[in-house]
Each structure stands twice: as C-alpha cells, then as structure tokens.
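Undergrad: The following file, start_15.cif, comprises mmCIF, N, CA and C atoms:
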```cif
data_start
#
loop_
_atom_site.label_atom_id
_atom_site.label_comp_id
_atom_site.auth_asym_id
_atom_site.auth_seq_id
_atom_site.Cartn_x
_atom_site.Cartn_y
_atom_site.Cartn_z
N GLU A 182 -11.17 15.41 1.12
CA GLU A 182 -9.87 15.54 0.50
C GLU A 182 -9.06 14.26 0.74
N PRO A 183 -8.27 13.83 -0.22
CA PRO A 183 -7.56 12.54 -0.09
C PRO A 183 -6.66 12.43 1.12
N TYR A 184 -6.01 13.51 1.51
CA TYR A 184 -5.05 13.42 2.61
C TYR A 184 -5.71 13.03 3.93
N LEU A 185 -7.01 13.20 4.02
CA LEU A 185 -7.73 12.81 5.23
C LEU A 185 -7.86 11.30 5.36
N TYR A 186 -7.64 10.59 4.27
CA TYR A 186 -7.90 9.16 4.24
C TYR A 186 -6.64 8.31 4.14
N ILE A 187 -5.51 8.85 4.53
CA ILE A 187 -4.27 8.08 4.40
C ILE A 187 -4.27 6.84 5.28
N MET A 188 -5.13 6.77 6.27
CA MET A 188 -5.16 5.63 7.15
C MET A 188 -5.89 4.43 6.54
N PHE A 189 -6.76 4.64 5.58
CA PHE A 189 -7.53 3.55 5.03
C PHE A 189 -6.61 2.54 4.35
N LEU A 190 -6.75 1.29 4.74
CA LEU A 190 -5.95 0.18 4.24
C LEU A 190 -4.46 0.35 4.53
N GLN A 191 -4.13 1.22 5.43
CA GLN A 191 -2.73 1.36 5.78
C GLN A 191 -2.23 0.08 6.46
N PHE A 192 -3.08 -0.55 7.27
CA PHE A 192 -2.74 -1.85 7.85
C PHE A 192 -3.29 -2.92 6.94
N LEU A 193 -2.45 -3.86 6.57
CA LEU A 193 -2.87 -4.90 5.63
C LEU A 193 -3.64 -6.00 6.34
N PRO A 194 -4.65 -6.56 5.68
CA PRO A 194 -5.38 -7.70 6.26
C PRO A 194 -4.44 -8.89 6.45
N LYS A 195 -4.61 -9.60 7.56
CA LYS A 195 -3.76 -10.76 7.84
C LYS A 195 -3.86 -11.81 6.76
N SER A 196 -5.00 -11.88 6.08
CA SER A 196 -5.21 -12.91 5.07
C SER A 196 -4.24 -12.80 3.89
N ILE A 197 -3.69 -11.62 3.62
CA ILE A 197 -2.75 -11.49 2.51
C ILE A 197 -1.30 -11.45 2.96
N CYS A 198 -1.07 -11.29 4.25
CA CYS A 198 0.31 -11.17 4.74
C CYS A 198 1.11 -12.44 4.53
N GLY A 199 0.45 -13.60 4.47
CA GLY A 199 1.15 -14.85 4.24
C GLY A 199 1.80 -14.93 2.87
N TYR A 200 1.36 -14.10 1.93
CA TYR A 200 1.92 -14.09 0.58
C TYR A 200 3.10 -13.13 0.47
N LEU A 201 3.36 -12.38 1.51
CA LEU A 201 4.38 -11.34 1.48
C LEU A 201 5.58 -11.74 2.33
N PRO A 202 6.75 -11.18 2.04
CA PRO A 202 7.92 -11.48 2.86
C PRO A 202 7.65 -11.11 4.33
N PRO A 203 8.11 -11.92 5.29
CA PRO A 203 7.84 -11.66 6.71
C PRO A 203 8.70 -10.55 7.31
N ILE A 204 9.55 -9.96 6.49
CA ILE A 204 10.47 -8.93 6.96
C ILE A 204 10.10 -7.59 6.34
N LEU A 205 10.75 -6.54 6.81
CA LEU A 205 10.61 -5.23 6.21
C LEU A 205 10.91 -5.34 4.73
N ALA A 206 10.03 -4.81 3.88
CA ALA A 206 10.23 -4.98 2.43
C ALA A 206 9.82 -3.72 1.68
N LYS A 207 10.47 -3.53 0.58
CA LYS A 207 10.10 -2.46 -0.34
C LYS A 207 8.99 -2.98 -1.25
N ILE A 208 7.98 -2.16 -1.47
CA ILE A 208 6.88 -2.53 -2.34
C ILE A 208 6.79 -1.48 -3.44
N MET A 209 6.56 -1.95 -4.66
CA MET A 209 6.32 -1.02 -5.76
C MET A 209 4.85 -1.15 -6.13
N LEU A 210 4.11 -0.07 -5.95
CA LEU A 210 2.72 -0.02 -6.38
C LEU A 210 2.70 0.55 -7.79
N GLN A 211 1.97 -0.10 -8.68
CA GLN A 211 1.86 0.36 -10.06
C GLN A 211 0.38 0.60 -10.38
N CYS A 212 0.09 1.73 -11.01
CA CYS A 212 -1.29 2.04 -11.38
C CYS A 212 -1.28 3.03 -12.54
N ASN A 213 -1.98 2.69 -13.60
CA ASN A 213 -2.09 3.57 -14.77
C ASN A 213 -0.74 4.05 -15.29
N GLY A 214 0.22 3.15 -15.34
CA GLY A 214 1.53 3.48 -15.89
C GLY A 214 2.45 4.23 -14.95
N LYS A 215 2.02 4.50 -13.72
CA LYS A 215 2.86 5.18 -12.74
C LYS A 215 3.29 4.19 -11.67
N GLU A 216 4.34 4.56 -10.93
CA GLU A 216 4.87 3.69 -9.88
C GLU A 216 5.12 4.49 -8.61
N TRP A 217 4.91 3.82 -7.46
CA TRP A 217 5.17 4.42 -6.16
C TRP A 217 5.95 3.42 -5.34
N ASP A 218 7.03 3.87 -4.72
CA ASP A 218 7.81 3.04 -3.82
C ASP A 218 7.25 3.22 -2.42
N VAL A 219 6.85 2.13 -1.81
CA VAL A 219 6.23 2.11 -0.49
C VAL A 219 6.98 1.08 0.34
N THR A 220 7.00 1.27 1.64
CA THR A 220 7.65 0.31 2.53
C THR A 220 6.59 -0.47 3.28
N LEU A 221 6.76 -1.79 3.34
CA LEU A 221 5.92 -2.67 4.12
C LEU A 221 6.67 -3.01 5.40
N THR A 222 6.08 -2.66 6.53
CA THR A 222 6.75 -2.91 7.80
C THR A 222 6.67 -4.38 8.17
N SER A 223 7.53 -4.80 9.08
CA SER A 223 7.48 -6.17 9.60
C SER A 223 6.68 -6.15 10.90
N GLY A 224 6.46 -7.32 11.46
CA GLY A 224 5.73 -7.41 12.73
C GLY A 224 4.34 -7.98 12.55
N VAL A 225 3.59 -7.98 13.64
CA VAL A 225 2.25 -8.56 13.65
C VAL A 225 1.28 -7.71 12.83
N ARG A 226 1.31 -6.41 13.00
CA ARG A 226 0.43 -5.51 12.25
C ARG A 226 1.22 -4.89 11.11
N ARG A 227 1.18 -5.53 9.95
CA ARG A 227 1.92 -5.06 8.78
C ARG A 227 1.26 -3.79 8.27
N ARG A 228 2.05 -2.80 7.93
CA ARG A 228 1.47 -1.57 7.40
C ARG A 228 2.32 -0.97 6.30
N LEU A 229 1.67 -0.14 5.52
CA LEU A 229 2.32 0.55 4.42
C LEU A 229 2.73 1.94 4.89
N VAL A 230 4.00 2.29 4.65
CA VAL A 230 4.53 3.60 5.05
C VAL A 230 5.42 4.13 3.93
N ASN A 231 5.91 5.33 4.09
CA ASN A 231 6.88 5.93 3.16
C ASN A 231 6.44 5.82 1.70
N GLY A 232 5.41 6.51 1.34
CA GLY A 232 4.94 6.49 -0.03
C GLY A 232 3.45 6.22 -0.15
N TRP A 233 2.86 5.62 0.88
CA TRP A 233 1.42 5.32 0.85
C TRP A 233 0.59 6.59 0.71
N LYS A 234 0.93 7.63 1.47
CA LYS A 234 0.16 8.88 1.40
C LYS A 234 0.19 9.44 -0.02
N GLN A 235 1.34 9.42 -0.67
CA GLN A 235 1.44 9.95 -2.03
C GLN A 235 0.62 9.11 -3.00
N PHE A 236 0.60 7.80 -2.82
CA PHE A 236 -0.23 6.91 -3.65
C PHE A 236 -1.70 7.30 -3.52
N VAL A 237 -2.15 7.52 -2.28
CA VAL A 237 -3.55 7.90 -2.03
C VAL A 237 -3.86 9.23 -2.70
N VAL A 238 -3.00 10.22 -2.52
CA VAL A 238 -3.22 11.55 -3.09
C VAL A 238 -3.20 11.50 -4.62
N ASP A 239 -2.20 10.86 -5.19
CA ASP A 239 -2.05 10.82 -6.65
C ASP A 239 -3.21 10.10 -7.33
N ASN A 240 -3.83 9.14 -6.64
CA ASN A 240 -4.93 8.40 -7.22
C ASN A 240 -6.29 8.87 -6.75
N ASN A 241 -6.28 10.00 -6.02
CA ASN A 241 -7.50 10.64 -5.56
C ASN A 241 -8.41 9.65 -4.82
N LEU A 242 -7.81 8.80 -4.00
CA LEU A 242 -8.59 7.83 -3.25
C LEU A 242 -9.31 8.53 -2.10
N LYS A 243 -10.54 8.13 -1.89
CA LYS A 243 -11.35 8.71 -0.83
C LYS A 243 -12.06 7.59 -0.10
N LYS A 244 -12.68 7.92 1.01
CA LYS A 244 -13.45 6.94 1.76
C LYS A 244 -14.48 6.31 0.82
N GLY A 245 -14.49 5.00 0.78
CA GLY A 245 -15.41 4.29 -0.10
C GLY A 245 -14.81 3.91 -1.45
N SER A 246 -13.61 4.42 -1.76
CA SER A 246 -12.95 4.05 -3.01
C SER A 246 -12.63 2.56 -2.99
N ILE A 247 -12.76 1.94 -4.13
CA ILE A 247 -12.45 0.51 -4.25
C ILE A 247 -11.31 0.36 -5.25
N PHE A 248 -10.29 -0.39 -4.86
CA PHE A 248 -9.20 -0.67 -5.78
C PHE A 248 -8.67 -2.06 -5.47
N LEU A 249 -8.08 -2.68 -6.44
CA LEU A 249 -7.63 -4.05 -6.34
C LEU A 249 -6.11 -4.11 -6.41
N PHE A 250 -5.50 -4.80 -5.46
CA PHE A 250 -4.07 -5.05 -5.52
C PHE A 250 -3.85 -6.42 -6.13
N GLU A 251 -2.97 -6.49 -7.11
CA GLU A 251 -2.59 -7.76 -7.71
C GLU A 251 -1.13 -8.01 -7.40
N LEU A 252 -0.84 -9.15 -6.80
CA LEU A 252 0.54 -9.50 -6.49
C LEU A 252 1.21 -10.00 -7.76
N VAL A 253 2.17 -9.23 -8.26
CA VAL A 253 2.87 -9.56 -9.49
C VAL A 253 4.11 -10.41 -9.17
N GLN A 254 4.85 -10.00 -8.16
CA GLN A 254 6.08 -10.69 -7.79
C GLN A 254 6.36 -10.44 -6.31
N ALA A 255 6.80 -11.46 -5.59
CA ALA A 255 7.20 -11.29 -4.19
C ALA A 255 8.48 -12.07 -3.96
N THR A 256 9.53 -11.34 -3.58
CA THR A 256 10.79 -11.97 -3.23
C THR A 256 11.14 -11.52 -1.83
N SER A 257 12.25 -11.99 -1.29
CA SER A 257 12.64 -11.60 0.05
C SER A 257 13.00 -10.12 0.16
N GLY A 258 13.28 -9.48 -0.97
CA GLY A 258 13.71 -8.08 -0.92
C GLY A 258 12.73 -7.09 -1.50
N ALA A 259 11.78 -7.55 -2.30
CA ALA A 259 10.88 -6.59 -2.95
C ALA A 259 9.56 -7.25 -3.31
N VAL A 260 8.54 -6.42 -3.39
CA VAL A 260 7.20 -6.87 -3.77
C VAL A 260 6.67 -5.91 -4.83
N ILE A 261 6.09 -6.46 -5.90
CA ILE A 261 5.45 -5.63 -6.94
C ILE A 261 3.99 -6.05 -7.01
#
```
Translate the structure of the given file into structure tokens.

TA:
Amino acid sequence: EPYLYIMFLQFLPKSICGYLPPILAKIMLQCNGKEWDVTLTSGVRRRLVNGWKQFVVDNNLKKGSIFLFELVQATSGAVI
C-alpha cells in the first residue's frame, strides 16, 4: 500500500540540493495536471514534508516506482 512508502525519497540527494534555495521553501509538485504543495526543510538533510505523503498516495507510488522531477523554477521563496 502506498502509505507504507512515504519515506522513499523523503530525503533529497545532496547532488540536487545545490539547485534549491538553502532555506525552508514551499515546493509545488505537478503531475498529470494536478498540484501538491510540499515543504522543503532547511539544514544538512533536506527533506520533503507537509504534502509528500499525499503526493505518494495520489500517484500510487510504491517501492520500486520510478519518477522524474524536473526543476521548472526555483526562487528564494518557492520551487516548482
């Protein structure tokens, strides 16, 4: 069931954190015409919270699911 996998990719790889604001930021995830507001935490271990679980459930993501994030826009206040 998707809710069992909310931890997968919850922590972002360090290799992409350099492209993101170094502070707490709002992120908008877009997929198949839908949008989810998620929060990106600040600190050494950046993670997705407040909306990530709903994104996983709504997209029926499971262990082994593959999906691609495309950075559309990154400002000091928001990321799409």

Undergrad: When you draw a straight line from CA of Leu205 in chain A to CA of Lys243 in chain A, how long is it in Å?

TA: 26.9 Å

Undergrad: Evaluate the PyMOL selection byres (((chain A and resi 261 and name CA) around 8) and name CA) here and jot the selected residues down as JSON, numbers by chain.

TA: {"A": [208, 209, 210, 211, 252, 253, 254, 255, 259, 260]}

Undergrad: Which residues come within 7 Å of Gly232 in chain A, counting all atoms listed in the file, excluding same-chain residues fewer than 6 positions away, as a list in words?

TA: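 Returned residues: Trp217, Asp218, Val219 and Thr220 of chain A.
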
Undergrad: Might you pull out every residue within 12 Å of Cys212 in chain A, with only C-alpha atoms counted and same-chain residues fewer than 6 positions away left off, and present them as a VMD selection string?

TA: chain A and resid 218 236 to 237 239 to 240 248 to 251 261

Undergrad: Using the selection just defined, write its residues with N, CA and C atoms as an mmCIF file, in the coordinates of the input.

TA:
```cif
data_model
loop_
_atom_site.group_PDB
_atom_site.id
_atom_site.type_symbol
_atom_site.label_atom_id
_atom_site.label_comp_id
_atom_site.auth_asym_id
_atom_site.auth_seq_id
_atom_site.Cartn_x
_atom_site.Cartn_y
_atom_site.Cartn_z
ATOM 1 N N ASP A 218 7.030 3.870 -4.720
ATOM 2 C CA ASP A 218 7.810 3.040 -3.820
ATOM 3 C C ASP A 218 7.250 3.220 -2.420
ATOM 4 N N PHE A 236 0.600 7.800 -2.820
ATOM 5 C CA PHE A 236 -0.230 6.910 -3.650
ATOM 6 C C PHE A 236 -1.700 7.300 -3.520
ATOM 7 N N VAL A 237 -2.150 7.520 -2.280
ATOM 8 C CA VAL A 237 -3.550 7.900 -2.030
ATOM 9 C C VAL A 237 -3.860 9.230 -2.700
ATOM 10 N N ASP A 239 -2.200 10.860 -5.190
ATOM 11 C CA ASP A 239 -2.050 10.820 -6.650
ATOM 12 C C ASP A 239 -3.210 10.100 -7.330
ATOM 13 N N ASN A 240 -3.830 9.140 -6.640
ATOM 14 C CA ASN A 240 -4.930 8.400 -7.220
ATOM 15 C C ASN A 240 -6.290 8.870 -6.750
ATOM 16 N N PHE A 248 -10.290 -0.390 -4.860
ATOM 17 C CA PHE A 248 -9.200 -0.670 -5.780
ATOM 18 C C PHE A 248 -8.670 -2.060 -5.470
ATOM 19 N N LEU A 249 -8.080 -2.680 -6.440
ATOM 20 C CA LEU A 249 -7.630 -4.050 -6.340
ATOM 21 C C LEU A 249 -6.110 -4.110 -6.410
ATOM 22 N N PHE A 250 -5.500 -4.800 -5.460
ATOM 23 C CA PHE A 250 -4.070 -5.050 -5.520
ATOM 24 C C PHE A 250 -3.850 -6.420 -6.130
ATOM 25 N N GLU A 251 -2.970 -6.490 -7.110
ATOM 26 C CA GLU A 251 -2.590 -7.760 -7.710
ATOM 27 C C GLU A 251 -1.130 -8.010 -7.400
ATOM 28 N N ILE A 261 6.090 -6.460 -5.900
ATOM 29 C CA ILE A 261 5.450 -5.630 -6.940
ATOM 30 C C ILE A 261 3.990 -6.050 -7.010
#
```

Undergrad: For a test of reading the model, state the distance in Å between CA of Gly224 in chain A and atom C of Pro203 in chain A, rounded to one decimal.

TA: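 It comes out at 6.9 Å.
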
Undergrad: Could you tell me how far atom N of Pro194 in chain A sits from atom C of Arg228 in chain A, in Å to one decimal place?

TA: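 Computing it gives 9.0 Å between the two atoms.
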
Undergrad: Within 6.5 Å of Phe192 in chain A, counting all atoms listed in the file, which residues show up once you throw out same-chain ones fewer than 5 positions away? Write them as a tab-separated table (two decimals) with N, CA and C atoms, in the frame of the given file, please.

TA:
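Wrote part-v1.tsv, looks like this:
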```tsv
chain	number	residue	atom	x	y	z
A	226	ARG	N	1.31	-6.41	13.00
A	226	ARG	CA	0.43	-5.51	12.25
A	226	ARG	C	1.22	-4.89	11.11
A	227	ARG	N	1.18	-5.53	9.95
A	227	ARG	CA	1.92	-5.06	8.78
A	227	ARG	C	1.26	-3.79	8.27
A	228	ARG	N	2.05	-2.80	7.93
A	228	ARG	CA	1.47	-1.57	7.40
A	228	ARG	C	2.32	-0.97	6.30
A	229	LEU	N	1.67	-0.14	5.52
A	229	LEU	CA	2.32	0.55	4.42
A	229	LEU	C	2.73	1.94	4.89
```

Undergrad: To test your reading of the structure, identify every residue in chain A that backbone DSSP assigns to alpha helix (DSSP H), and report it as a list in words.

TA: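 Alpha helix (DSSP H) members of chain A, listed: Lys195, Ser196, Ile197, Cys198, Trp233, Lys234, Gln235, Phe236, Val237, Val238 and Asp239 of chain A.
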